[in-house]
Amino acid sequence: MTQKKPVYFMGINLRKLRKSIFSKTTYRGIVAVIATVILWELCARFEVPIIGMIPAPSSVFSSLVEQLQDPAYWECWVVSYDRVLSGFIIAQIIGIPLGLIMGLSRHLRDLSFPTLEILRPIPPLAWVPTAVIFWPTPEMSMIFVTFLGAFFTMVLNILGGVKNIDVRYIRSAQSLGSSGFDIFRRIVLPATLPSLFTGMTVGMGITWAVVVAAEMIASRSGLGFLTWKSYVAGDYPVIVIGMISIGIAGYLSSAVIRLLGDRLTPWRKII
Amino acid sequence: MTTSTSTICPTGTSEMHLSPQPVGKLSIRNATKIYDPDGVNVLALDNCSMEVEAGEFCVIVGPSGCGKTTLLNAIAGFHDITSGDIFLDDELLCSGTKQAEPGADRIVVFQHGALFPWYTVLENVTFGPLVQGKMSASAAKKEAEEILAQMGLKGISHSYPSEISSGMRRRVEIARAMMNNPKVLLMDEPYRAMDALTKTIMHKNLLDVYDQSRKTIFFITHDLEEAIFLGTRVYVMTTRPGTIKKVIDVDLPRPRDYKILSSDRYLELKQEVIESVHEEAKKAFEAGEREMA
Ligand SMILES: Nc1ncnc2c1ncn2[C@@H]1O[C@H](COP(=O)(O)OP(=O)(O)O)[C@@H](O)[C@H]1O
Ligand SMILES: [Mg+2]
């Protein structure tokens, strides 16, 4: 047997990583992206109806070089990230304990669930006017709306996670001599962790969608506003840059959560 | 995989596991359990009585739905009984007015297994003593490693349950139970849904554990061959409402191995159990037919 030993770096199997980077799948992916860009350029050059209206990659690229040197562009990133993270983190701070309490206590669930269910279907963006009215600063209203985007998802995922804990684990822990607090810490929390990360992943996606739209409606800064401003100013290549920036920002946020989730729930990685 | 010559108790701590006087006598007197979901009474146990001696390998068989799990859950303290008394070593464990507290003197091995998926094998096995504050982490680790090694489970301490086979998981669960030096091991169809080959390994392993520890084992199964091969006594339950219909003394010598499966006595006993259970199964089936009609 000449099985090669895995080489690890920061918990990542480097051999596996190299294999997946230099694989046929990666190769095909790159080819497809290049083909799309070429097709897009051709559409723009030959002024194909509708799709040809999108600025050509070449003009986007030259405008991108300008943007990357402009501090205002990076300011947009910072502002949007600031809003997303503020809203998202507040949603965790309030949503996680609330979800846990609702999952554990029937009384509190009965008390809070109906209200939550009535408020939940209201899209976060429908809150924008109210939020602008009752929060003292526009920034606060922006963060509030962002918060809503992640909050309900967090509460419901954690509530579901707690309620779905297999009673065998609870009984097993009891029979092994656990106190109520042991059961909470050693059974309820880890058993809910996968749903928590599912909630975070979904919540992060909603948060970006919400923040971008809210910035277009009610703000004068951020990546969403950059995109909107460029539309108003007729600076079409920057619209595309704004869009792609939002995509990258959302992707990076999700990737961090996924990485964190894999780290904190290592028992799920293997199978 | 061979564990026959080893002892299940680490040398230094053997007195913790091998009580000189066997403990774990279970006296079940007129246990009756009525479930009441939505006001529809289901009489699951009806005046069920049995005496399980300390250190006995007691096997309960009976048609499915007859109340076996109900009885085990009452002993474990997962629910109450409606009337009757259950004593553990002559102390009242539960009665119609008192539900037993779940505790480490009666550890349950569940039908589908209940190792905590988020803990490694080692963390699972040391769970009991650590939450009870009975051992230091290093002492618990040392003892767990020894017990695992004796059960033929070396080298998987840092694996998660999802990374090992179902047979290994069951053995780890028994190791986790044995770490607590329980008076009674409660096993609810632990080897159900396992293939025949894995089962034989499980049986051998459990018999080793039993021969070396002489714990009282309360074992539920509906595999009749398994019942006789493992048990000191086989208790046949009636169809629901469950009560003990027949007690069969399995006078096969220990330590047992697979050779006894072809012995005349084994076949005789098997016949006796089959007849007894078959009658009940037929009743259960006919009752089911009647309900359907
Ligand atoms: N929580 C419950 N509520 C109502 N009926 C139940 C409940 N648990 C079990 N039963 C009923 O009690 C009977 C005995 O169940 P159980 O003890 O699980 O049987 P066994 O383990 O012998 O298959 C069955 O008819 C089952 O439907
Ligand atoms: Mg059962």
# chains A, B, ... in the order shown; residues from 1 in each chain; ligands from 1
$ residues_near_ligand --ligand "ligand 1" --cutoff "12 Å" --atoms "only C-alpha atoms and all ligand atoms" --output "MDAnalysis selection string"
chainID B and resid 32:46 60:74 78:81 110:111 187:189 219:222 236:244 281 284 287:288
$ closest_atom_pairs --of "chain A" --to "chain B" --cutoff "10 Å" --atoms "only C-alpha atoms" --output "JSON lines"
{"residue": "A:Asp166", "atom": "CA", "partner": "B:Ala114", "partner_atom": "CA", "distance": 9.0}
{"residue": "A:Val167", "atom": "CA", "partner": "B:Ala114", "partner_atom": "CA", "distance": 9.5}
{"residue": "A:Arg168", "atom": "CA", "partner": "B:Ala114", "partner_atom": "CA", "distance": 6.0}
{"residue": "A:Tyr169", "atom": "CA", "partner": "B:Ala114", "partner_atom": "CA", "distance": 5.8}
{"residue": "A:Ile170", "atom": "CA", "partner": "B:Ala114", "partner_atom": "CA", "distance": 9.3}
{"residue": "A:Arg171", "atom": "CA", "partner": "B:Phe78", "partner_atom": "CA", "distance": 7.1}
{"residue": "A:Ser172", "atom": "CA", "partner": "B:Ala114", "partner_atom": "CA", "distance": 6.7}
{"residue": "A:Ala173", "atom": "CA", "partner": "B:Gly128", "partner_atom": "CA", "distance": 8.0}
{"residue": "A:Gln174", "atom": "CA", "partner": "B:Pro102", "partner_atom": "CA", "distance": 5.8}
{"residue": "A:Ser175", "atom": "CA", "partner": "B:Gly103", "partner_atom": "CA", "distance": 4.4}
{"residue": "A:Leu176", "atom": "CA", "partner": "B:Ala104", "partner_atom": "CA", "distance": 4.8}
{"residue": "A:Gly177", "atom": "CA", "partner": "B:Gly103", "partner_atom": "CA", "distance": 5.2}
{"residue": "A:Ser178", "atom": "CA", "partner": "B:Val131", "partner_atom": "CA", "distance": 5.7}
{"residue": "A:Ser179", "atom": "CA", "partner": "B:Val131", "partner_atom": "CA", "distance": 7.8}
{"residue": "A:Asp182", "atom": "CA", "partner": "B:Val131", "partner_atom": "CA", "distance": 7.0}
{"residue": "A:Ile183", "atom": "CA", "partner": "B:Val131", "partner_atom": "CA", "distance": 9.6}
{"residue": "A:Arg186", "atom": "CA", "partner": "B:Trp118", "partner_atom": "CA", "distance": 9.0}
{"residue": "A:Ile187", "atom": "CA", "partner": "B:Phe116", "partner_atom": "CA", "distance": 7.8}
{"residue": "A:Pro190", "atom": "CA", "partner": "B:Trp118", "partner_atom": "CA", "distance": 6.5}
{"residue": "A:Ala191", "atom": "CA", "partner": "B:Trp118", "partner_atom": "CA", "distance": 7.3}
{"residue": "A:Leu193", "atom": "CA", "partner": "B:Trp118", "partner_atom": "CA", "distance": 9.6}
{"residue": "A:Leu264", "atom": "CA", "partner": "B:Trp118", "partner_atom": "CA", "distance": 9.8}
{"residue": "A:Thr265", "atom": "CA", "partner": "B:Trp118", "partner_atom": "CA", "distance": 7.3}
{"residue": "A:Pro266", "atom": "CA", "partner": "B:Trp118", "partner_atom": "CA", "distance": 7.8}
{"residue": "A:Trp267", "atom": "CA", "partner": "B:Trp118", "partner_atom": "CA", "distance": 5.6}
{"residue": "A:Arg268", "atom": "CA", "partner": "B:Ser162", "partner_atom": "CA", "distance": 8.1}
{"residue": "A:Lys269", "atom": "CA", "partner": "B:Ser162", "partner_atom": "CA", "distance": 9.7}
{"residue": "A:Ile270", "atom": "CA", "partner": "B:Glu163", "partner_atom": "CA", "distance": 6.9}
{"residue": "A:Ile271", "atom": "CA", "partner": "B:Ser162", "partner_atom": "CA", "distance": 6.7}
$ write_last_selection --atoms "N, CA and C atoms" --output "compact mmCIF listing (two decimals), in the first residue's frame"
# COMPACT_ATOMS: atom_id res chain seq x y z
N ASP A 166 -33.15 14.99 19.13
CA ASP A 166 -33.67 13.66 19.40
C ASP A 166 -33.73 13.43 20.91
N VAL A 167 -34.89 13.00 21.38
CA VAL A 167 -35.09 12.81 22.82
C VAL A 167 -34.12 11.78 23.40
N ARG A 168 -33.62 10.90 22.54
CA ARG A 168 -32.65 9.90 23.03
C ARG A 168 -31.40 10.56 23.60
N TYR A 169 -30.97 11.66 22.98
CA TYR A 169 -29.75 12.32 23.47
C TYR A 169 -30.00 12.93 24.84
N ILE A 170 -31.18 13.53 24.99
CA ILE A 170 -31.52 14.13 26.28
C ILE A 170 -31.60 13.04 27.34
N ARG A 171 -32.28 11.96 27.00
CA ARG A 171 -32.44 10.86 27.97
C ARG A 171 -31.10 10.23 28.31
N SER A 172 -30.31 10.03 27.28
CA SER A 172 -28.99 9.47 27.50
C SER A 172 -28.19 10.32 28.46
N ALA A 173 -28.23 11.61 28.23
CA ALA A 173 -27.46 12.53 29.07
C ALA A 173 -28.00 12.51 30.49
N GLN A 174 -29.32 12.43 30.62
CA GLN A 174 -29.91 12.36 31.97
C GLN A 174 -29.45 11.10 32.66
N SER A 175 -29.50 10.01 31.92
CA SER A 175 -29.17 8.75 32.56
C SER A 175 -27.67 8.69 32.87
N LEU A 176 -26.86 9.49 32.19
CA LEU A 176 -25.44 9.55 32.53
C LEU A 176 -25.16 10.55 33.65
N GLY A 177 -26.22 11.09 34.23
CA GLY A 177 -26.04 11.92 35.42
C GLY A 177 -25.93 13.42 35.18
N SER A 178 -26.43 13.91 34.03
CA SER A 178 -26.30 15.35 33.74
C SER A 178 -27.30 16.17 34.52
N SER A 179 -26.88 17.36 34.89
CA SER A 179 -27.82 18.33 35.46
C SER A 179 -28.51 19.04 34.31
N ASP A 182 -26.00 21.00 32.41
CA ASP A 182 -25.16 20.13 31.57
C ASP A 182 -25.87 19.81 30.27
N ILE A 183 -27.17 19.50 30.39
CA ILE A 183 -27.92 19.15 29.19
C ILE A 183 -27.98 20.33 28.24
N ARG A 186 -24.13 20.79 26.99
CA ARG A 186 -23.47 19.69 26.29
C ARG A 186 -24.35 18.99 25.26
N ILE A 187 -25.65 19.19 25.34
CA ILE A 187 -26.54 18.55 24.38
C ILE A 187 -27.25 19.61 23.53
N PRO A 190 -24.64 22.09 21.33
CA PRO A 190 -24.02 21.47 20.16
C PRO A 190 -25.04 20.90 19.17
N ALA A 191 -26.15 20.38 19.67
CA ALA A 191 -27.14 19.80 18.75
C ALA A 191 -27.78 20.89 17.89
N LEU A 193 -26.16 23.69 16.94
CA LEU A 193 -25.14 24.40 16.16
C LEU A 193 -25.31 24.27 14.64
N LEU A 264 -16.52 24.75 13.65
CA LEU A 264 -17.20 24.56 14.93
C LEU A 264 -18.09 23.33 14.96
N THR A 265 -18.37 22.73 13.81
CA THR A 265 -19.13 21.49 13.82
C THR A 265 -18.33 20.41 13.07
N PRO A 266 -17.17 20.07 13.60
CA PRO A 266 -16.29 19.17 12.85
C PRO A 266 -16.89 17.78 12.66
N TRP A 267 -17.86 17.41 13.49
CA TRP A 267 -18.42 16.07 13.37
C TRP A 267 -19.27 15.91 12.11
N ARG A 268 -19.62 17.04 11.50
CA ARG A 268 -20.45 16.94 10.30
C ARG A 268 -19.63 16.85 9.01
N LYS A 269 -18.36 17.23 9.12
CA LYS A 269 -17.53 17.36 7.94
C LYS A 269 -17.38 16.00 7.24
N ILE A 270 -17.15 15.00 8.06
CA ILE A 270 -16.88 13.67 7.53
C ILE A 270 -18.21 12.95 7.31
N ILE A 271 -18.30 12.18 6.31
CA ILE A 271 -19.40 11.24 6.00
C ILE A 271 -19.27 10.95 4.53
$ residues_around --residues "B:Lys142" --least-positions-apart "2" --cutoff "12 Å" --atoms "only C-alpha atoms" --output "PDB file with all heavy atoms, in the first residue's frame"
ATOM      1  N   PRO B  10     -10.258  -2.013  34.449  1.00  0.00           N
ATOM      2  CA  PRO B  10      -8.848  -1.674  34.563  1.00  0.00           C
ATOM      3  C   PRO B  10      -8.334  -2.141  35.922  1.00  0.00           C
ATOM      4  O   PRO B  10      -9.047  -2.035  36.923  1.00  0.00           O
ATOM      5  CB  PRO B  10      -8.857  -0.151  34.480  1.00  0.00           C
ATOM      6  CG  PRO B  10     -10.204   0.233  34.001  1.00  0.00           C
ATOM      7  CD  PRO B  10     -11.120  -0.861  34.312  1.00  0.00           C
ATOM      8  N   THR B  11      -7.102  -2.637  35.947  1.00  0.00           N
ATOM      9  CA  THR B  11      -6.587  -3.277  37.152  1.00  0.00           C
ATOM     10  C   THR B  11      -6.680  -2.384  38.388  1.00  0.00           C
ATOM     11  O   THR B  11      -7.139  -2.816  39.433  1.00  0.00           O
ATOM     12  CB  THR B  11      -5.124  -3.715  36.939  1.00  0.00           C
ATOM     13  OG1 THR B  11      -4.517  -2.735  36.113  1.00  0.00           O
ATOM     14  CG2 THR B  11      -5.058  -5.063  36.296  1.00  0.00           C
ATOM     15  N   GLY B  12      -6.249  -1.146  38.236  1.00  0.00           N
ATOM     16  CA  GLY B  12      -6.196  -0.274  39.398  1.00  0.00           C
ATOM     17  C   GLY B  12      -7.551   0.024  40.016  1.00  0.00           C
ATOM     18  O   GLY B  12      -7.647   0.311  41.200  1.00  0.00           O
ATOM     19  N   THR B  13      -8.587  -0.033  39.206  1.00  0.00           N
ATOM     20  CA  THR B  13      -9.872   0.443  39.702  1.00  0.00           C
ATOM     21  C   THR B  13     -10.899  -0.675  39.723  1.00  0.00           C
ATOM     22  O   THR B  13     -12.087  -0.431  39.701  1.00  0.00           O
ATOM     23  CB  THR B  13     -10.380   1.560  38.799  1.00  0.00           C
ATOM     24  OG1 THR B  13     -10.258   1.132  37.455  1.00  0.00           O
ATOM     25  CG2 THR B  13      -9.640   2.846  39.016  1.00  0.00           C
ATOM     26  N   LEU B 122     -13.891   9.297  22.707  1.00  0.00           N
ATOM     27  CA  LEU B 122     -13.360   9.486  24.059  1.00  0.00           C
ATOM     28  C   LEU B 122     -14.255  10.415  24.887  1.00  0.00           C
ATOM     29  O   LEU B 122     -14.560  10.137  26.050  1.00  0.00           O
ATOM     30  CB  LEU B 122     -11.943  10.050  23.977  1.00  0.00           C
ATOM     31  CG  LEU B 122     -11.219  10.180  25.313  1.00  0.00           C
ATOM     32  CD1 LEU B 122     -10.940   8.800  25.892  1.00  0.00           C
ATOM     33  CD2 LEU B 122      -9.911  10.950  25.157  1.00  0.00           C
ATOM     34  N   GLU B 123     -14.693  11.496  24.279  1.00  0.00           N
ATOM     35  CA  GLU B 123     -15.553  12.445  25.000  1.00  0.00           C
ATOM     36  C   GLU B 123     -16.886  11.802  25.387  1.00  0.00           C
ATOM     37  O   GLU B 123     -17.451  12.089  26.440  1.00  0.00           O
ATOM     38  CB  GLU B 123     -15.801  13.693  24.145  1.00  0.00           C
ATOM     39  CG  GLU B 123     -14.582  14.589  24.035  1.00  0.00           C
ATOM     40  CD  GLU B 123     -14.703  15.622  22.915  1.00  0.00           C
ATOM     41  OE1 GLU B 123     -15.456  15.394  21.942  1.00  0.00           O
ATOM     42  OE2 GLU B 123     -14.021  16.645  22.993  1.00  0.00           O
ATOM     43  N   VAL B 125     -17.287   8.539  25.983  1.00  0.00           N
ATOM     44  CA  VAL B 125     -17.080   7.529  27.021  1.00  0.00           C
ATOM     45  C   VAL B 125     -16.825   8.183  28.375  1.00  0.00           C
ATOM     46  O   VAL B 125     -17.248   7.680  29.407  1.00  0.00           O
ATOM     47  CB  VAL B 125     -15.936   6.572  26.618  1.00  0.00           C
ATOM     48  CG1 VAL B 125     -15.621   5.592  27.731  1.00  0.00           C
ATOM     49  CG2 VAL B 125     -16.320   5.813  25.361  1.00  0.00           C
ATOM     50  N   THR B 126     -16.158   9.338  28.377  1.00  0.00           N
ATOM     51  CA  THR B 126     -15.868   9.987  29.654  1.00  0.00           C
ATOM     52  C   THR B 126     -17.009  10.905  30.109  1.00  0.00           C
ATOM     53  O   THR B 126     -16.914  11.523  31.154  1.00  0.00           O
ATOM     54  CB  THR B 126     -14.578  10.827  29.571  1.00  0.00           C
ATOM     55  OG1 THR B 126     -14.715  11.751  28.498  1.00  0.00           O
ATOM     56  CG2 THR B 126     -13.355   9.971  29.336  1.00  0.00           C
ATOM     57  N   MET B 135     -14.617  12.088  38.479  1.00  0.00           N
ATOM     58  CA  MET B 135     -13.227  11.804  38.119  1.00  0.00           C
ATOM     59  C   MET B 135     -12.618  13.054  37.525  1.00  0.00           C
ATOM     60  O   MET B 135     -13.323  13.893  36.961  1.00  0.00           O
ATOM     61  CB  MET B 135     -13.167  10.734  37.024  1.00  0.00           C
ATOM     62  CG  MET B 135     -13.300   9.332  37.480  1.00  0.00           C
ATOM     63  SD  MET B 135     -12.989   8.277  36.047  1.00  0.00           S
ATOM     64  CE  MET B 135     -13.819   6.806  36.567  1.00  0.00           C
ATOM     65  N   SER B 136     -11.290  13.146  37.617  1.00  0.00           N
ATOM     66  CA  SER B 136     -10.613  14.221  36.908  1.00  0.00           C
ATOM     67  C   SER B 136     -10.579  13.857  35.435  1.00  0.00           C
ATOM     68  O   SER B 136     -10.707  12.683  35.078  1.00  0.00           O
ATOM     69  CB  SER B 136      -9.197  14.370  37.437  1.00  0.00           C
ATOM     70  OG  SER B 136      -8.442  13.251  37.047  1.00  0.00           O
ATOM     71  N   ALA B 137     -10.396  14.869  34.594  1.00  0.00           N
ATOM     72  CA  ALA B 137     -10.393  14.611  33.156  1.00  0.00           C
ATOM     73  C   ALA B 137      -9.318  13.595  32.787  1.00  0.00           C
ATOM     74  O   ALA B 137      -9.546  12.703  31.966  1.00  0.00           O
ATOM     75  CB  ALA B 137     -10.187  15.923  32.398  1.00  0.00           C
ATOM     76  N   SER B 138      -8.145  13.702  33.420  1.00  0.00           N
ATOM     77  CA  SER B 138      -7.063  12.803  33.016  1.00  0.00           C
ATOM     78  C   SER B 138      -7.332  11.382  33.503  1.00  0.00           C
ATOM     79  O   SER B 138      -7.063  10.414  32.789  1.00  0.00           O
ATOM     80  CB  SER B 138      -5.718  13.322  33.535  1.00  0.00           C
ATOM     81  OG  SER B 138      -5.749  13.397  34.940  1.00  0.00           O
ATOM     82  N   ALA B 139      -7.902  11.245  34.697  1.00  0.00           N
ATOM     83  CA  ALA B 139      -8.222   9.910  35.192  1.00  0.00           C
ATOM     84  C   ALA B 139      -9.296   9.264  34.325  1.00  0.00           C
ATOM     85  O   ALA B 139      -9.211   8.085  33.972  1.00  0.00           O
ATOM     86  CB  ALA B 139      -8.683   9.982  36.641  1.00  0.00           C
ATOM     87  N   ALA B 140     -10.287  10.061  33.963  1.00  0.00           N
ATOM     88  CA  ALA B 140     -11.368   9.534  33.135  1.00  0.00           C
ATOM     89  C   ALA B 140     -10.834   9.098  31.781  1.00  0.00           C
ATOM     90  O   ALA B 140     -11.196   8.047  31.257  1.00  0.00           O
ATOM     91  CB  ALA B 140     -12.452  10.593  32.966  1.00  0.00           C
ATOM     92  N   ALA B 144     -11.011   5.417  30.339  1.00  0.00           N
ATOM     93  CA  ALA B 144     -11.752   5.215  29.099  1.00  0.00           C
ATOM     94  C   ALA B 144     -10.886   4.500  28.071  1.00  0.00           C
ATOM     95  O   ALA B 144     -11.339   3.554  27.409  1.00  0.00           O
ATOM     96  CB  ALA B 144     -12.233   6.559  28.558  1.00  0.00           C
ATOM     97  N   GLU B 145      -9.626   4.934  27.961  1.00  0.00           N
ATOM     98  CA  GLU B 145      -8.724   4.303  26.989  1.00  0.00           C
ATOM     99  C   GLU B 145      -8.572   2.815  27.308  1.00  0.00           C
ATOM    100  O   GLU B 145      -8.533   1.975  26.404  1.00  0.00           O
ATOM    101  CB  GLU B 145      -7.351   4.981  26.997  1.00  0.00           C
ATOM    102  CG  GLU B 145      -7.351   6.453  26.576  1.00  0.00           C
ATOM    103  CD  GLU B 145      -7.390   6.647  25.067  1.00  0.00           C
ATOM    104  OE1 GLU B 145      -7.678   5.681  24.335  1.00  0.00           O
ATOM    105  OE2 GLU B 145      -7.144   7.796  24.621  1.00  0.00           O
ATOM    106  N   GLU B 146      -8.481   2.508  28.605  1.00  0.00           N
ATOM    107  CA  GLU B 146      -8.320   1.098  28.973  1.00  0.00           C
ATOM    108  C   GLU B 146      -9.553   0.290  28.617  1.00  0.00           C
ATOM    109  O   GLU B 146      -9.455  -0.801  28.042  1.00  0.00           O
ATOM    110  CB  GLU B 146      -8.042   0.988  30.473  1.00  0.00           C
ATOM    111  CG  GLU B 146      -6.593   1.319  30.825  1.00  0.00           C
ATOM    112  CD  GLU B 146      -6.360   1.309  32.329  1.00  0.00           C
ATOM    113  OE1 GLU B 146      -6.606   0.261  32.949  1.00  0.00           O
ATOM    114  OE2 GLU B 146      -5.966   2.358  32.875  1.00  0.00           O
ATOM    115  N   ILE B 147     -10.714   0.817  28.973  1.00  0.00           N
ATOM    116  CA  ILE B 147     -11.945   0.081  28.679  1.00  0.00           C
ATOM    117  C   ILE B 147     -12.113  -0.095  27.174  1.00  0.00           C
ATOM    118  O   ILE B 147     -12.447  -1.177  26.689  1.00  0.00           O
ATOM    119  CB  ILE B 147     -13.172   0.807  29.292  1.00  0.00           C
ATOM    120  CG1 ILE B 147     -13.140   0.649  30.813  1.00  0.00           C
ATOM    121  CG2 ILE B 147     -14.462   0.246  28.718  1.00  0.00           C
ATOM    122  CD1 ILE B 147     -14.383   1.135  31.510  1.00  0.00           C
ATOM    123  N   LEU B 148     -11.829   0.972  26.416  1.00  0.00           N
ATOM    124  CA  LEU B 148     -11.946   0.872  24.957  1.00  0.00           C
ATOM    125  C   LEU B 148     -10.994  -0.187  24.415  1.00  0.00           C
ATOM    126  O   LEU B 148     -11.366  -0.994  23.567  1.00  0.00           O
ATOM    127  CB  LEU B 148     -11.667   2.233  24.308  1.00  0.00           C
ATOM    128  CG  LEU B 148     -12.780   3.273  24.458  1.00  0.00           C
ATOM    129  CD1 LEU B 148     -12.299   4.642  24.016  1.00  0.00           C
ATOM    130  CD2 LEU B 148     -14.010   2.868  23.659  1.00  0.00           C
ATOM    131  N   ALA B 149      -9.788  -0.196  24.937  1.00  0.00           N
ATOM    132  CA  ALA B 149      -8.808  -1.172  24.457  1.00  0.00           C
ATOM    133  C   ALA B 149      -9.283  -2.589  24.753  1.00  0.00           C
ATOM    134  O   ALA B 149      -9.187  -3.484  23.912  1.00  0.00           O
ATOM    135  CB  ALA B 149      -7.454  -0.910  25.109  1.00  0.00           C
ATOM    136  N   SER B 157     -10.321   6.644  19.580  1.00  0.00           N
ATOM    137  CA  SER B 157     -10.722   7.608  20.621  1.00  0.00           C
ATOM    138  C   SER B 157     -11.067   8.972  20.063  1.00  0.00           C
ATOM    139  O   SER B 157     -11.940   9.642  20.571  1.00  0.00           O
ATOM    140  CB  SER B 157      -9.596   7.813  21.618  1.00  0.00           C
ATOM    141  OG  SER B 157      -9.144   6.593  22.070  1.00  0.00           O
ATOM    142  N   MET B 179     -18.358   2.763  32.109  1.00  0.00           N
ATOM    143  CA  MET B 179     -17.563   3.783  32.805  1.00  0.00           C
ATOM    144  C   MET B 179     -18.260   4.270  34.071  1.00  0.00           C
ATOM    145  O   MET B 179     -17.627   4.822  34.962  1.00  0.00           O
ATOM    146  CB  MET B 179     -17.360   5.001  31.895  1.00  0.00           C
ATOM    147  CG  MET B 179     -16.221   4.917  30.935  1.00  0.00           C
ATOM    148  SD  MET B 179     -14.620   4.922  31.730  1.00  0.00           S
ATOM    149  CE  MET B 179     -14.400   6.677  32.074  1.00  0.00           C
TER     150      MET B 179
END
$ select_by_dssp --residues "stretch 16-224 of chain B" --states "alpha helix (DSSP H)" --output "VMD selection string"
chain B and resid 16 to 17 68 to 76 121 to 125 127 to 131 137 to 150 166 to 178 196 to 213 224
$ select_by_dssp --residues "stretch 8-188 of chain A" --states "strand (DSSP E or B)" --output "NGL selection string"
:A and (8-9 or 12-13)
$ write_last_selection --atoms "C-alpha atoms" --output "PDB file, in the first residue's frame"
ATOM      1  CA  TYR A   8      -2.522  19.574   6.853  1.00  0.00           C
ATOM      2  CA  PHE A   9      -2.247  23.333   7.063  1.00  0.00           C
ATOM      3  CA  ILE A  12      -7.081  22.099   5.691  1.00  0.00           C
ATOM      4  CA  ASN A  13      -5.945  19.007   3.858  1.00  0.00           C
TER       5      ASN A  13
END
$ residues_around --residues "A:Trp127" --least-positions-apart "6" --cutoff "12 Å" --atoms "only C-alpha atoms" --output "CSV table (one decimal) with N, CA, C and O atoms, in the first residue's frame"
chain,number,residue,atom,x,y,z
A,119,LEU,N,-45.3,39.1,12.2
A,119,LEU,CA,-44.3,40.0,11.7
A,119,LEU,C,-43.4,39.5,10.6
A,119,LEU,O,-42.9,40.2,9.7
A,120,ARG,N,-43.2,38.2,10.7
A,120,ARG,CA,-42.2,37.5,9.8
A,120,ARG,C,-42.4,37.7,8.3
A,120,ARG,O,-41.5,38.0,7.6
A,121,PRO,N,-43.7,37.5,7.9
A,121,PRO,CA,-43.9,37.6,6.4
A,121,PRO,C,-43.7,39.0,5.8
A,121,PRO,O,-43.6,39.2,4.6
A,133,ILE,N,-38.7,56.8,10.0
A,133,ILE,CA,-39.5,57.7,10.8
A,133,ILE,C,-39.1,57.5,12.3
A,133,ILE,O,-38.7,58.5,13.0
A,134,PHE,N,-39.0,56.3,12.8
A,134,PHE,CA,-38.8,56.2,14.2
A,134,PHE,C,-37.4,56.0,14.7
A,134,PHE,O,-37.1,56.1,15.9
A,135,TRP,N,-36.4,55.8,13.8
A,135,TRP,CA,-35.0,55.8,14.3
A,135,TRP,C,-34.5,57.2,14.1
A,135,TRP,O,-34.7,57.8,13.1
A,141,SER,N,-31.7,53.4,11.0
A,141,SER,CA,-32.8,52.8,10.4
A,141,SER,C,-32.3,51.8,9.4
A,141,SER,O,-32.9,50.7,9.2
A,142,MET,N,-31.2,52.1,8.7
A,142,MET,CA,-30.6,51.1,7.8
A,142,MET,C,-30.2,49.8,8.5
A,142,MET,O,-30.4,48.7,8.0
A,143,ILE,N,-29.5,50.0,9.6
A,143,ILE,CA,-29.1,48.8,10.4
A,143,ILE,C,-30.3,48.0,10.9
A,143,ILE,O,-30.3,46.8,10.9
A,144,PHE,N,-31.3,48.8,11.3
A,144,PHE,CA,-32.5,48.1,11.8
A,144,PHE,C,-33.1,47.2,10.7
A,144,PHE,O,-33.4,46.0,11.0
A,145,VAL,N,-33.2,47.7,9.5
A,145,VAL,CA,-33.8,46.9,8.4
A,145,VAL,C,-32.9,45.7,8.1
A,145,VAL,O,-33.4,44.6,7.9
A,146,THR,N,-31.6,45.9,8.1
A,146,THR,CA,-30.6,44.9,7.9
A,146,THR,C,-30.8,43.8,9.0
A,146,THR,O,-30.8,42.6,8.7
A,147,PHE,N,-30.9,44.3,10.2
A,147,PHE,CA,-31.1,43.4,11.3
A,147,PHE,C,-32.3,42.5,11.1
A,147,PHE,O,-32.3,41.2,11.3
A,148,LEU,N,-33.4,43.1,10.7
A,148,LEU,CA,-34.6,42.3,10.5
A,148,LEU,C,-34.4,41.1,9.5
A,148,LEU,O,-34.9,40.0,9.6
A,149,GLY,N,-33.6,41.4,8.4
A,149,GLY,CA,-33.3,40.4,7.4
A,149,GLY,C,-32.8,39.2,8.0
A,149,GLY,O,-33.2,38.1,7.6
A,210,VAL,N,-31.0,42.9,1.5
A,210,VAL,CA,-31.7,44.0,2.1
A,210,VAL,C,-30.8,45.3,2.1
A,210,VAL,O,-31.3,46.3,1.8
A,213,ALA,N,-30.7,47.0,-1.3
A,213,ALA,CA,-31.9,47.7,-1.6
A,213,ALA,C,-32.1,48.9,-0.8
A,213,ALA,O,-32.5,50.0,-1.3
A,214,ALA,N,-31.9,48.8,0.5
A,214,ALA,CA,-32.1,49.9,1.5
A,214,ALA,C,-31.2,51.0,1.1
A,214,ALA,O,-31.6,52.2,1.2
A,217,ILE,N,-32.6,53.0,-1.7
A,217,ILE,CA,-33.8,53.8,-1.3
A,217,ILE,C,-33.5,54.9,-0.4
A,217,ILE,O,-33.9,56.1,-0.6
A,218,ALA,N,-32.7,54.7,0.6
A,218,ALA,CA,-32.7,55.6,1.7
A,218,ALA,C,-31.3,56.0,2.2
A,218,ALA,O,-31.1,56.3,3.4
$ atom_distance --atom1 "atom CA of B:Arg169" --atom2 "atom CA of B:Pro22"
27.6 Å
$ residues_around --residues "stretch 256-260 of chain A" --least-positions-apart "4" --cutoff "12 Å" --atoms "only C-alpha atoms" --output "list of chain:residue names"
A:Met10, A:Gly11, A:Ile12, A:Phe88, A:Leu193, A:Pro194, A:Leu196, A:Phe197, A:Thr198, A:Gly199, A:Met200, A:Thr201, A:Val202, A:Gly203, A:Met204, A:Gly205, A:Ala249, A:Gly250, A:Tyr251, A:Leu252, A:Leu264, A:Thr265, A:Pro266, A:Lys269
